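K.L.:
So here's start_37.cif, just mmCIF, C-alpha atoms and all ligand atoms:
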data_data
loop_
_atom_site.label_atom_id
_atom_site.label_comp_id
_atom_site.auth_asym_id
_atom_site.auth_seq_id
_atom_site.Cartn_x
_atom_site.Cartn_y
_atom_site.Cartn_z
CA MET A 1 -96.26 -13.31 7.46
CA ASN A 2 -97.66 -16.82 7.96
CA ILE A 3 -95.45 -19.87 8.18
CA THR A 4 -96.90 -23.37 8.22
CA ILE A 5 -95.13 -26.56 9.27
CA CYS A 6 -96.00 -29.93 7.77
CA PHE A 7 -94.04 -33.05 8.68
CA THR A 8 -94.69 -36.71 8.04
CA GLY A 9 -93.36 -39.01 10.76
CA LEU A 10 -92.30 -36.41 13.33
CA SER A 11 -94.08 -33.92 15.58
CA PRO A 12 -94.16 -30.29 14.36
CA GLU A 13 -94.88 -28.86 17.83
CA PRO A 14 -91.28 -28.28 19.06
CA TRP A 15 -90.55 -26.60 15.71
CA VAL A 16 -93.62 -24.37 15.98
CA GLN A 17 -92.52 -23.20 19.43
CA SER A 18 -88.84 -22.67 18.56
CA LEU A 19 -89.61 -20.92 15.27
CA GLN A 20 -92.15 -18.63 16.92
CA GLN A 21 -89.53 -17.64 19.50
CA ALA A 22 -86.85 -17.11 16.85
CA PHE A 23 -89.08 -15.13 14.47
CA ALA A 24 -91.27 -12.68 16.40
CA GLY A 25 -92.73 -11.10 13.25
CA ALA A 26 -94.23 -14.32 11.93
CA VAL A 27 -97.37 -16.29 12.75
CA VAL A 28 -96.29 -19.94 12.94
CA SER A 29 -98.64 -22.92 13.01
CA ALA A 30 -98.71 -26.65 12.38
CA TRP A 31 -100.60 -27.50 9.19
CA ALA A 32 -103.85 -29.47 9.25
CA PRO A 33 -106.30 -30.00 6.37
CA GLY A 34 -108.32 -26.81 5.85
CA ALA A 35 -105.68 -24.55 7.48
CA PRO A 36 -105.51 -20.93 6.25
CA PRO A 37 -103.04 -20.07 3.48
CA ALA A 38 -99.39 -19.47 4.42
CA ASP A 39 -96.52 -17.63 2.73
CA HIS A 40 -93.72 -20.09 3.53
CA ALA A 41 -93.68 -23.73 4.64
CA ILE A 42 -91.22 -25.86 6.55
CA VAL A 43 -91.67 -29.45 5.51
CA TRP A 44 -90.52 -33.04 5.64
CA ALA A 45 -92.20 -35.42 3.17
CA PRO A 46 -95.53 -33.53 3.11
CA PRO A 47 -98.55 -35.11 1.37
CA GLN A 48 -99.78 -33.87 -2.02
CA GLN A 49 -102.90 -32.57 -0.23
CA PHE A 50 -100.73 -30.05 1.62
CA ILE A 51 -99.34 -28.61 -1.63
CA ASP A 52 -102.78 -28.56 -3.28
CA GLU A 53 -104.37 -26.73 -0.32
CA GLN A 54 -101.62 -24.07 -0.05
CA PRO A 55 -101.69 -22.19 -3.38
CA ASP A 56 -100.15 -18.97 -1.90
CA LEU A 57 -96.90 -20.61 -0.79
CA GLN A 58 -93.75 -18.91 -2.06
CA THR A 59 -91.15 -21.24 -0.55
CA LEU A 60 -90.88 -24.81 0.71
CA PHE A 61 -88.04 -25.17 3.20
CA ASN A 62 -87.05 -28.82 3.48
CA ILE A 63 -85.66 -29.81 6.89
CA GLY A 64 -83.10 -32.12 5.31
CA ALA A 65 -80.45 -32.06 2.61
CA GLY A 66 -82.19 -34.61 0.36
CA VAL A 67 -85.30 -33.34 -1.43
CA ASP A 68 -86.26 -36.57 -3.22
CA ALA A 69 -89.54 -36.94 -1.28
CA LEU A 70 -90.57 -33.39 -2.24
CA LEU A 71 -89.76 -33.74 -5.90
CA GLN A 72 -92.13 -36.71 -6.21
CA LEU A 73 -95.03 -34.28 -5.62
CA ARG A 74 -96.79 -32.10 -8.22
CA LEU A 75 -95.38 -28.66 -7.34
CA PRO A 76 -96.41 -25.33 -8.89
CA PRO A 77 -93.52 -24.14 -11.13
CA SER A 78 -93.26 -20.84 -9.25
CA LEU A 79 -92.75 -22.52 -5.85
CA LYS A 80 -89.14 -22.31 -4.63
CA VAL A 81 -87.74 -25.45 -3.00
CA VAL A 82 -84.91 -24.82 -0.54
CA ARG A 83 -82.78 -27.55 1.02
CA LEU A 84 -81.06 -27.42 4.38
CA ASP A 85 -77.57 -26.22 3.65
CA ASP A 86 -75.29 -28.10 6.07
CA ALA A 87 -76.74 -26.61 9.33
CA GLY A 88 -74.55 -28.94 11.40
CA MET A 89 -75.05 -32.03 9.24
CA SER A 90 -71.76 -32.23 7.38
CA VAL A 91 -69.59 -32.61 10.52
CA GLN A 92 -71.87 -35.43 11.68
CA MET A 93 -71.59 -37.11 8.29
CA ALA A 94 -67.79 -36.76 8.40
CA GLU A 95 -67.74 -38.38 11.87
CA TYR A 96 -69.97 -41.24 10.76
CA VAL A 97 -68.05 -42.04 7.57
CA CYS A 98 -64.59 -41.74 9.15
CA HIS A 99 -65.76 -43.99 11.98
CA ALA A 100 -67.05 -46.62 9.54
CA VAL A 101 -63.93 -46.47 7.34
CA ILE A 102 -61.53 -46.67 10.28
CA ARG A 103 -63.49 -49.44 12.01
CA HIS A 104 -63.25 -51.52 8.84
CA PHE A 105 -59.66 -50.59 7.94
CA ARG A 106 -58.34 -51.29 11.46
CA GLU A 107 -60.45 -54.50 11.75
CA PHE A 108 -61.96 -53.40 15.06
CA ASP A 109 -64.90 -55.83 14.62
CA GLY A 110 -62.38 -58.69 14.51
CA TYR A 111 -60.60 -57.35 17.61
CA ASP A 112 -63.99 -57.18 19.40
CA VAL A 113 -64.65 -60.85 18.67
CA ASP A 114 -61.19 -61.79 19.97
CA THR A 115 -61.29 -59.67 23.13
CA GLN A 116 -64.77 -60.88 24.01
CA ALA A 117 -63.32 -64.40 23.89
CA GLY A 118 -60.48 -63.29 26.23
CA LYS A 119 -57.97 -63.53 23.37
CA TRP A 120 -54.97 -61.16 23.11
CA SER A 121 -54.25 -61.21 19.39
CA TYR A 122 -52.69 -59.03 16.70
CA ARG A 123 -53.66 -58.58 13.07
CA LYS A 124 -51.15 -57.56 10.44
CA PRO A 125 -51.46 -53.80 9.84
CA ARG A 126 -53.03 -53.07 6.47
CA SER A 127 -51.55 -50.61 4.02
CA ARG A 128 -53.38 -47.29 3.87
CA ALA A 129 -52.27 -46.94 0.27
CA ASP A 130 -54.46 -49.98 -0.54
CA PHE A 131 -57.51 -48.32 0.98
CA ALA A 132 -58.48 -45.52 -1.38
CA VAL A 133 -61.88 -44.24 -0.33
CA GLY A 134 -64.19 -43.25 -3.18
CA VAL A 135 -66.74 -40.59 -2.26
CA MET A 136 -69.66 -40.69 -4.71
CA GLY A 137 -71.18 -37.21 -4.71
CA LEU A 138 -68.93 -34.27 -3.87
CA GLY A 139 -71.55 -31.80 -2.68
CA VAL A 140 -72.10 -30.13 0.69
CA LEU A 141 -71.65 -33.41 2.60
CA GLY A 142 -69.32 -35.28 0.25
CA GLU A 143 -66.74 -32.50 0.23
CA ARG A 144 -66.64 -32.37 4.04
CA VAL A 145 -66.31 -36.16 4.19
CA ALA A 146 -63.49 -36.16 1.62
CA LYS A 147 -61.55 -33.53 3.60
CA ALA A 148 -62.06 -35.42 6.89
CA LEU A 149 -60.77 -38.68 5.34
CA GLN A 150 -57.65 -36.86 4.13
CA VAL A 151 -56.81 -35.98 7.74
CA PHE A 152 -56.36 -39.73 8.33
CA GLU A 153 -54.19 -39.92 5.20
CA PHE A 154 -56.48 -42.22 3.22
CA PRO A 155 -56.14 -41.72 -0.54
CA VAL A 156 -59.44 -40.12 -1.59
CA ASN A 157 -61.26 -40.42 -4.92
CA ALA A 158 -64.41 -38.48 -5.70
CA TYR A 159 -67.14 -38.85 -8.29
CA SER A 160 -69.53 -36.09 -9.34
CA ARG A 161 -71.58 -34.99 -12.33
CA SER A 162 -69.47 -31.95 -13.14
CA PRO A 163 -65.66 -31.72 -12.83
CA LYS A 164 -64.38 -30.76 -9.36
CA HIS A 165 -60.99 -29.68 -8.08
CA LEU A 166 -60.34 -30.43 -4.43
CA GLN A 167 -56.73 -30.42 -3.32
CA GLY A 168 -55.29 -33.92 -2.95
CA VAL A 169 -58.50 -35.60 -4.15
CA HIS A 170 -58.51 -37.66 -7.35
CA SER A 171 -61.66 -36.42 -9.05
CA PHE A 172 -63.74 -38.33 -11.59
CA SER A 173 -66.76 -36.80 -13.29
CA GLY A 174 -69.49 -37.98 -15.62
CA ALA A 175 -70.84 -41.46 -16.36
CA GLN A 176 -67.87 -42.34 -18.60
CA ALA A 177 -65.54 -42.04 -15.58
CA LEU A 178 -67.59 -44.23 -13.24
CA SER A 179 -65.83 -47.53 -14.04
CA GLU A 180 -62.36 -46.15 -13.35
CA PHE A 181 -63.59 -44.48 -10.15
CA LEU A 182 -65.04 -47.78 -8.92
CA ALA A 183 -62.06 -49.91 -9.92
CA THR A 184 -59.70 -47.66 -7.94
CA SER A 185 -61.86 -47.29 -4.79
CA ARG A 186 -61.45 -49.93 -2.08
CA VAL A 187 -64.16 -48.30 0.03
CA LEU A 188 -67.20 -46.74 -1.63
CA VAL A 189 -69.12 -44.00 0.20
CA ASN A 190 -72.41 -43.04 -1.41
CA LEU A 191 -73.37 -39.38 -0.91
CA MET A 192 -75.35 -38.66 -4.06
CA PRO A 193 -78.90 -37.31 -4.13
CA LEU A 194 -81.64 -39.72 -5.14
CA THR A 195 -82.72 -38.78 -8.68
CA PRO A 196 -83.98 -40.81 -11.65
CA GLU A 197 -80.32 -40.99 -12.79
CA THR A 198 -78.97 -42.31 -9.50
CA GLU A 199 -81.76 -44.67 -8.40
CA ASN A 200 -80.39 -48.27 -8.22
CA ILE A 201 -76.92 -47.03 -9.20
CA LEU A 202 -75.32 -49.37 -6.64
CA ASN A 203 -76.14 -52.66 -8.34
CA HIS A 204 -74.39 -55.86 -9.38
CA ALA A 205 -72.82 -54.26 -12.48
CA THR A 206 -71.33 -51.31 -10.57
CA LEU A 207 -70.50 -52.92 -7.22
CA SER A 208 -68.69 -55.81 -8.91
CA GLN A 209 -66.28 -53.24 -10.39
CA LEU A 210 -64.99 -52.44 -6.90
CA PRO A 211 -61.74 -54.27 -6.13
CA VAL A 212 -61.97 -57.67 -4.43
CA GLY A 213 -62.28 -56.89 -0.70
CA GLY A 214 -64.22 -53.70 -1.45
CA TYR A 215 -66.43 -52.19 1.25
CA VAL A 216 -69.64 -50.18 0.81
CA ILE A 217 -70.92 -47.33 2.99
CA ASN A 218 -74.37 -46.07 2.00
CA VAL A 219 -75.41 -42.89 3.79
CA ALA A 220 -77.50 -41.27 1.07
CA ARG A 221 -80.76 -43.05 0.24
CA GLY A 222 -81.88 -46.70 0.34
CA LYS A 223 -83.14 -46.60 -3.23
CA HIS A 224 -79.61 -46.08 -4.53
CA LEU A 225 -78.79 -49.66 -3.58
CA VAL A 226 -80.09 -52.93 -5.03
CA GLU A 227 -80.00 -54.73 -1.70
CA GLU A 228 -79.94 -58.33 -2.97
CA ASP A 229 -77.01 -57.52 -5.29
CA LEU A 230 -74.98 -56.25 -2.32
CA ILE A 231 -75.73 -59.37 -0.27
CA ALA A 232 -74.82 -61.66 -3.19
CA LEU A 233 -71.46 -59.93 -3.72
CA ILE A 234 -70.62 -60.10 -0.01
CA ASP A 235 -71.65 -63.75 0.27
CA ARG A 236 -69.60 -64.62 -2.82
CA GLY A 237 -66.53 -63.02 -1.18
CA HIS A 238 -66.10 -60.22 -3.72
CA LEU A 239 -67.02 -57.54 -1.17
CA ALA A 240 -65.82 -57.54 2.42
CA GLY A 241 -68.96 -55.97 3.88
CA ALA A 242 -71.00 -52.83 4.26
CA THR A 243 -72.16 -50.15 6.67
CA LEU A 244 -75.67 -49.02 5.82
CA ASP A 245 -77.58 -46.09 7.31
CA VAL A 246 -80.44 -45.88 4.79
CA PHE A 247 -82.77 -48.50 3.37
CA ARG A 248 -85.41 -48.98 0.69
CA THR A 249 -87.97 -49.46 3.48
CA GLU A 250 -87.51 -47.53 6.72
CA PRO A 251 -87.70 -48.60 9.48
CA LEU A 252 -85.86 -51.67 8.21
CA PRO A 253 -88.39 -54.56 8.43
CA ALA A 254 -87.74 -57.03 11.27
CA ALA A 255 -87.24 -59.97 8.90
CA HIS A 256 -84.77 -58.15 6.61
CA PRO A 257 -81.54 -60.15 6.07
CA PHE A 258 -79.38 -57.05 6.73
CA TRP A 259 -80.17 -57.21 10.47
CA GLN A 260 -78.45 -60.55 11.03
CA HIS A 261 -75.78 -60.45 8.32
CA PRO A 262 -72.37 -60.81 10.02
CA LYS A 263 -70.64 -58.50 7.53
CA ILE A 264 -73.25 -55.76 7.44
CA THR A 265 -73.54 -52.99 10.02
CA VAL A 266 -76.94 -51.30 10.20
CA THR A 267 -77.73 -47.89 11.73
CA PRO A 268 -81.21 -46.31 11.77
CA HIS A 269 -80.84 -43.36 9.32
CA THR A 270 -78.89 -41.39 11.85
CA SER A 271 -75.59 -40.52 10.16
CA ALA A 272 -76.39 -36.79 9.89
CA ARG A 273 -79.38 -35.65 11.92
CA THR A 274 -81.26 -32.42 11.39
CA LEU A 275 -80.41 -30.09 14.28
CA ARG A 276 -83.52 -28.07 15.11
CA GLU A 277 -82.07 -24.82 16.43
CA GLU A 278 -79.36 -24.59 13.74
CA SER A 279 -81.93 -25.34 11.03
CA ILE A 280 -84.42 -22.77 12.30
CA ALA A 281 -81.72 -20.10 12.46
CA GLN A 282 -80.78 -20.89 8.86
CA ILE A 283 -84.38 -20.86 7.61
CA VAL A 284 -85.23 -17.59 9.40
CA GLY A 285 -82.12 -15.99 7.85
CA LYS A 286 -83.21 -17.16 4.41
CA ILE A 287 -86.81 -15.92 4.78
CA GLN A 288 -85.48 -12.52 5.85
CA ALA A 289 -83.02 -12.44 2.93
CA LEU A 290 -85.82 -13.31 0.48
CA GLY A 291 -87.91 -10.51 2.01
CA ARG A 292 -85.08 -8.06 1.24
CA GLY A 293 -84.89 -9.40 -2.31
CA GLU A 294 -81.44 -10.97 -1.71
CA PRO A 295 -80.28 -14.30 -3.18
CA ILE A 296 -80.09 -17.34 -0.87
CA GLN A 297 -78.08 -20.54 -0.89
CA GLY A 298 -79.67 -23.96 -1.08
CA LEU A 299 -82.21 -23.32 -3.85
CA VAL A 300 -83.00 -26.67 -5.45
CA ASP A 301 -82.94 -27.11 -9.21
CA THR A 302 -86.18 -29.10 -9.50
CA VAL A 303 -85.39 -30.25 -13.05
CA ARG A 304 -81.92 -31.54 -12.15
CA GLY A 305 -83.43 -33.11 -9.01
CA TYR A 306 -81.09 -31.74 -6.29
P1 LIG B 401 -75.47 -32.04 -2.78
O1 LIG B 401 -74.79 -30.91 -2.12
O2 LIG B 401 -76.67 -31.77 -3.63
O3 LIG B 401 -74.37 -32.80 -3.65
C1 LIG B 401 -74.69 -33.84 -4.50
C2 LIG B 401 -73.45 -34.36 -5.20
O4 LIG B 401 -73.82 -35.50 -5.98
C3 LIG B 401 -72.85 -33.33 -6.16
O5 LIG B 401 -71.45 -33.42 -6.14
C4 LIG B 401 -73.38 -33.81 -7.53
O6 LIG B 401 -72.53 -33.50 -8.62
C5 LIG B 401 -73.39 -35.32 -7.32
N1 LIG B 401 -74.32 -35.96 -8.26
C6 LIG B 401 -75.62 -35.74 -8.42
N2 LIG B 401 -76.13 -36.51 -9.40
C7 LIG B 401 -75.08 -37.22 -9.89
C8 LIG B 401 -74.94 -38.17 -10.93
N3 LIG B 401 -75.98 -38.56 -11.68
N4 LIG B 401 -73.72 -38.68 -11.16
C9 LIG B 401 -72.64 -38.27 -10.43
N5 LIG B 401 -72.71 -37.37 -9.42
C10 LIG B 401 -73.93 -36.86 -9.16
O7 LIG B 401 -75.92 -33.13 -1.71
P2 LIG B 401 -75.46 -33.28 -0.17
O8 LIG B 401 -75.97 -32.18 0.65
O9 LIG B 401 -74.00 -33.52 -0.14
O10 LIG B 401 -76.27 -34.59 0.26
C11 LIG B 401 -76.20 -35.79 -0.48
C12 LIG B 401 -77.33 -36.72 -0.06
O11 LIG B 401 -77.08 -37.24 1.23
C13 LIG B 401 -78.69 -36.05 0.08
O12 LIG B 401 -79.34 -35.90 -1.17
C14 LIG B 401 -79.43 -37.03 0.99
O13 LIG B 401 -80.12 -37.99 0.22
C15 LIG B 401 -78.31 -37.71 1.76
N6 LIG B 401 -78.35 -37.41 3.21
C16 LIG B 401 -78.45 -38.43 4.09
C17 LIG B 401 -78.46 -38.17 5.44
C18 LIG B 401 -78.53 -39.29 6.45
O14 LIG B 401 -78.72 -39.02 7.63
N7 LIG B 401 -78.34 -40.52 6.04
C19 LIG B 401 -78.35 -36.85 5.90
C20 LIG B 401 -78.26 -35.83 4.97
C21 LIG B 401 -78.25 -36.11 3.61
P3 LIG B 401 -72.24 -31.97 -9.05
O15 LIG B 401 -71.37 -31.43 -7.94
O16 LIG B 401 -71.53 -32.09 -10.32
O17 LIG B 401 -73.57 -31.29 -9.11
C1 LIG B 402 -81.59 -36.81 5.67
O1 LIG B 402 -81.68 -37.90 5.24
C2 LIG B 402 -81.48 -35.61 4.88
O2 LIG B 402 -81.71 -35.68 3.66
O3 LIG B 402 -81.16 -34.57 5.45
#
Take the structure in the file and write it out as structure tokens.
Ligand code: NAP
Ligand code: GLV
P.N.:
Amino acid sequence: MNITICFTGLSPEPWVQSLQQAFAGAVVSAWAPGAPPADHAIVWAPPQQFIDEQPDLQTLFNIGAGVDALLQLRLPPSLKVVRLDDAGMSVQMAEYVCHAVIRHFREFDGYDVDTQAGKWSYRKPRSRADFAVGVMGLGVLGERVAKALQVFEFPVNAYSRSPKHLQGVHSFSGAQALSEFLATSRVLVNLMPLTPETENILNHATLSQLPVGGYVINVARGKHLVEEDLIALIDRGHLAGATLDVFRTEPLPAAHPFWQHPKITVTPHTSARTLREESIAQIVGKIQALGRGEPIQGLVDTVRGY
């Protein structure tokens, strides 16, 4: 069996070595134009040329949870697209979101300013009941985040396409429920996939439905957010601020206003990193299961877009 690896923006070599060690029966190589045909591919944002030159591929294993970059390509209908199914990402996402929520709720940025000025000061404790956190997207990552927030006793709302039942979580589903979800969520955490339906979904019309003092955490994709609408709502005082891990252009351009904005925290798309060894173990297990004719988890519905 031949497995090819094609990444944009990161080196395939450590993956070739680790996968070869983990999967003795396979011939693993990094793709280059003109490479021989392979049976399976491990990819991150491959070019269209890769797909066009690999007509024998049965499966594309994406080394991330979000498959938006793959679904922009022309893919043969028979080609299976498989996402990374947690593989150590959801606990990282839970850490990141809880950290951002707690840092905002407890006003730790304000305490930092005071302590750096040598000032011993107290802020009035805020009421947790006033800080419902709305998790938009209750999938592999969103569910883990919702459960982690409950440990800290924040009220948790969730928004998804289909109805969900998660103990203690107030669930909203479908576009008709979006307004009520937003109006009752003091902190908004975006964990939806990027699809034609969700692109630009965080815009002036939706973000202005958050309560006054609302806070935005975007950890999904930059194209969900209309960046200038967020800045306008923060500068007008409707929103208290934002923590952003993903951007329309990455790396975030040096002149982008997010860098210097006092109420916006920027991180470099690092909230839930792909862990190489965990991911390889998962992909090898799935290739072996497919070889035995067994079903696997993480198959992407390419029409639905996630
Ligand atoms: P997932 O398992 O596919 O779950 C997606 C959730 O979004 C589901 O609950 C789905 O609803 C909901 N959804 C989809 N379209 C919707 C719509 N139009 N309206 C309302 N809800 C909608 O995805 P995941 O694994 O949790 O990952 C979510 C995203 O996080 C990924 O797509 C990726 O872009 C991003 N991500 C970012 C990082 C990072 O480091 N920043 C790391 C990993 C992933 P149903 O349950 O009803 O289907
Ligand atoms: C990262 O952004 C991912 O989709 O896994």
K.L.:
Give me the residues near range 145-157 of chain A as a PyMOL selection string, where near means some atom within 6 Å (using only C-alpha atoms) and where sequence neighbours in that chain fewer than 3 positions away do not count.
P.N.:
chain A and resi 94+128+132-134+142+169-171
K.L.:
Using only C-alpha atoms, find each residue in range 16-85 of chain A having at least one atom no more than 10 Å away from range 285-295 of chain A; report its shortest atom-to-atom pair and that distance in Å (one decimal), rows by chain then rising number, as a Markdown table.
P.N.:
| residue | atom | partner | partner_atom | distance |
| --- | --- | --- | --- | --- |
| A:Phe23 | CA | A:Gly285 | CA | 9.6 |
| A:His40 | CA | A:Ile287 | CA | 8.2 |
| A:Thr59 | CA | A:Ile287 | CA | 8.7 |
| A:Phe61 | CA | A:Lys286 | CA | 9.4 |
| A:Val82 | CA | A:Lys286 | CA | 9.3 |
K.L.:
Let me see if you get this right: every residue at most 9 Å from ligand LIG 402 (chain B), counting all atoms listed in the file, written as a ChimeraX atom specification.
P.N.:
/A:62-68,83-84,86,89,193,219-221,246,269-274
K.L.:
List the spatial neighbours of range 109-115 of chain A as a PDB file with C-alpha atoms, keeping the file's coordinate frame - criterion: any atom at most 12 Å away, only C-alpha atoms, same-chain residues fewer than 6 positions off excluded.
P.N.:
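As written to disk, out-v1.pdb reads:
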ATOM      1  CA  ALA A 100     -67.050 -46.620   9.540  1.00  0.00           C
ATOM      2  CA  VAL A 101     -63.930 -46.470   7.340  1.00  0.00           C
ATOM      3  CA  ILE A 102     -61.530 -46.670  10.280  1.00  0.00           C
ATOM      4  CA  ARG A 103     -63.490 -49.440  12.010  1.00  0.00           C
ATOM      5  CA  SER A 121     -54.250 -61.210  19.390  1.00  0.00           C
ATOM      6  CA  TYR A 122     -52.690 -59.030  16.700  1.00  0.00           C
ATOM      7  CA  ARG A 123     -53.660 -58.580  13.070  1.00  0.00           C
ATOM      8  CA  LYS A 124     -51.150 -57.560  10.440  1.00  0.00           C
ATOM      9  CA  GLY A 241     -68.960 -55.970   3.880  1.00  0.00           C
ATOM     10  CA  PRO A 262     -72.370 -60.810  10.020  1.00  0.00           C
ATOM     11  CA  LYS A 263     -70.640 -58.500   7.530  1.00  0.00           C
ATOM     12  CA  ILE A 264     -73.250 -55.760   7.440  1.00  0.00           C
ATOM     13  CA  THR A 265     -73.540 -52.990  10.020  1.00  0.00           C
TER      14      THR A 265
END
K.L.:
Calculate, to one decimal in Å, the centre and edge lengths of the box along x, y and z of the file that holds all listed atoms of range 78-95 of chain A with 8 Å of margin on each side, and present them as lines of an AutoDock Vina configuration file.
P.N.:
center_x = -80.5
center_y = -29.6
center_z = 1.3
size_x = 41.5
size_y = 33.5
size_z = 37.1
K.L.:
Would you kindly return, as an MDAnalysis selection string, each protein, DNA or RNA residue with an atom no farther than 12 Å from any atom of Glu180 in chain A, considering only C-alpha atoms and excluding same-chain residues fewer than 6 positions away?
P.N.:
chainID A and resid 134 157:159 170:174 186 206 209:211
K.L.:
Generate a file of the selected residues that holds C-alpha atoms, formatted as a PDB file, in the coordinates of the input.
P.N.:
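Written file, part18.pdb:
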ATOM      1  CA  GLY A 134     -64.190 -43.250  -3.180  1.00  0.00           C
ATOM      2  CA  ASN A 157     -61.260 -40.420  -4.920  1.00  0.00           C
ATOM      3  CA  ALA A 158     -64.410 -38.480  -5.700  1.00  0.00           C
ATOM      4  CA  TYR A 159     -67.140 -38.850  -8.290  1.00  0.00           C
ATOM      5  CA  HIS A 170     -58.510 -37.660  -7.350  1.00  0.00           C
ATOM      6  CA  SER A 171     -61.660 -36.420  -9.050  1.00  0.00           C
ATOM      7  CA  PHE A 172     -63.740 -38.330 -11.590  1.00  0.00           C
ATOM      8  CA  SER A 173     -66.760 -36.800 -13.290  1.00  0.00           C
ATOM      9  CA  GLY A 174     -69.490 -37.980 -15.620  1.00  0.00           C
ATOM     10  CA  ARG A 186     -61.450 -49.930  -2.080  1.00  0.00           C
ATOM     11  CA  THR A 206     -71.330 -51.310 -10.570  1.00  0.00           C
ATOM     12  CA  GLN A 209     -66.280 -53.240 -10.390  1.00  0.00           C
ATOM     13  CA  LEU A 210     -64.990 -52.440  -6.900  1.00  0.00           C
ATOM     14  CA  PRO A 211     -61.740 -54.270  -6.130  1.00  0.00           C
TER      15      PRO A 211
END
K.L.:
Would you work out the distance separating atom C8 of ligand LIG 401 (chain B) from CA of Ala175 in chain A, expressed in Å to one decimal?
P.N.:
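CA of Ala175 in chain A lies at a distance of 7.6 Å from atom C8 of ligand LIG 401 (chain B).
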K.L.:
Do you know which residues are at most 8 Å from Val189 in chain A counting only C-alpha atoms, after dropping those on the same chain fewer than 2 positions away, and could you put them as a PyMOL selection string?
P.N.:
chain A and resi 97+133-136+187+191+216-219
K.L.:
Quick one: residues within 8 Å of Gly88 in chain A, only C-alpha atoms counted, chain neighbours fewer than 2 positions away excluded, as a ChimeraX atom specification?
P.N.:
/A:86,90-92,274-275,278
K.L.:
Measuring between only C-alpha atoms, which one of A:Leu194, A:Ile231, A:Val81, A:Ala129 shows the shortest distance to Ile296 in chain A?
P.N.:
A:Val81
K.L.:
In terms of the shortest atom-to-atom distance over all atoms listed in the file, which of A:Asp229, A:Asp301, A:Glu197, A:Asp235 is closest to ligand LIG 401 (chain B)?
P.N.:
A:Glu197
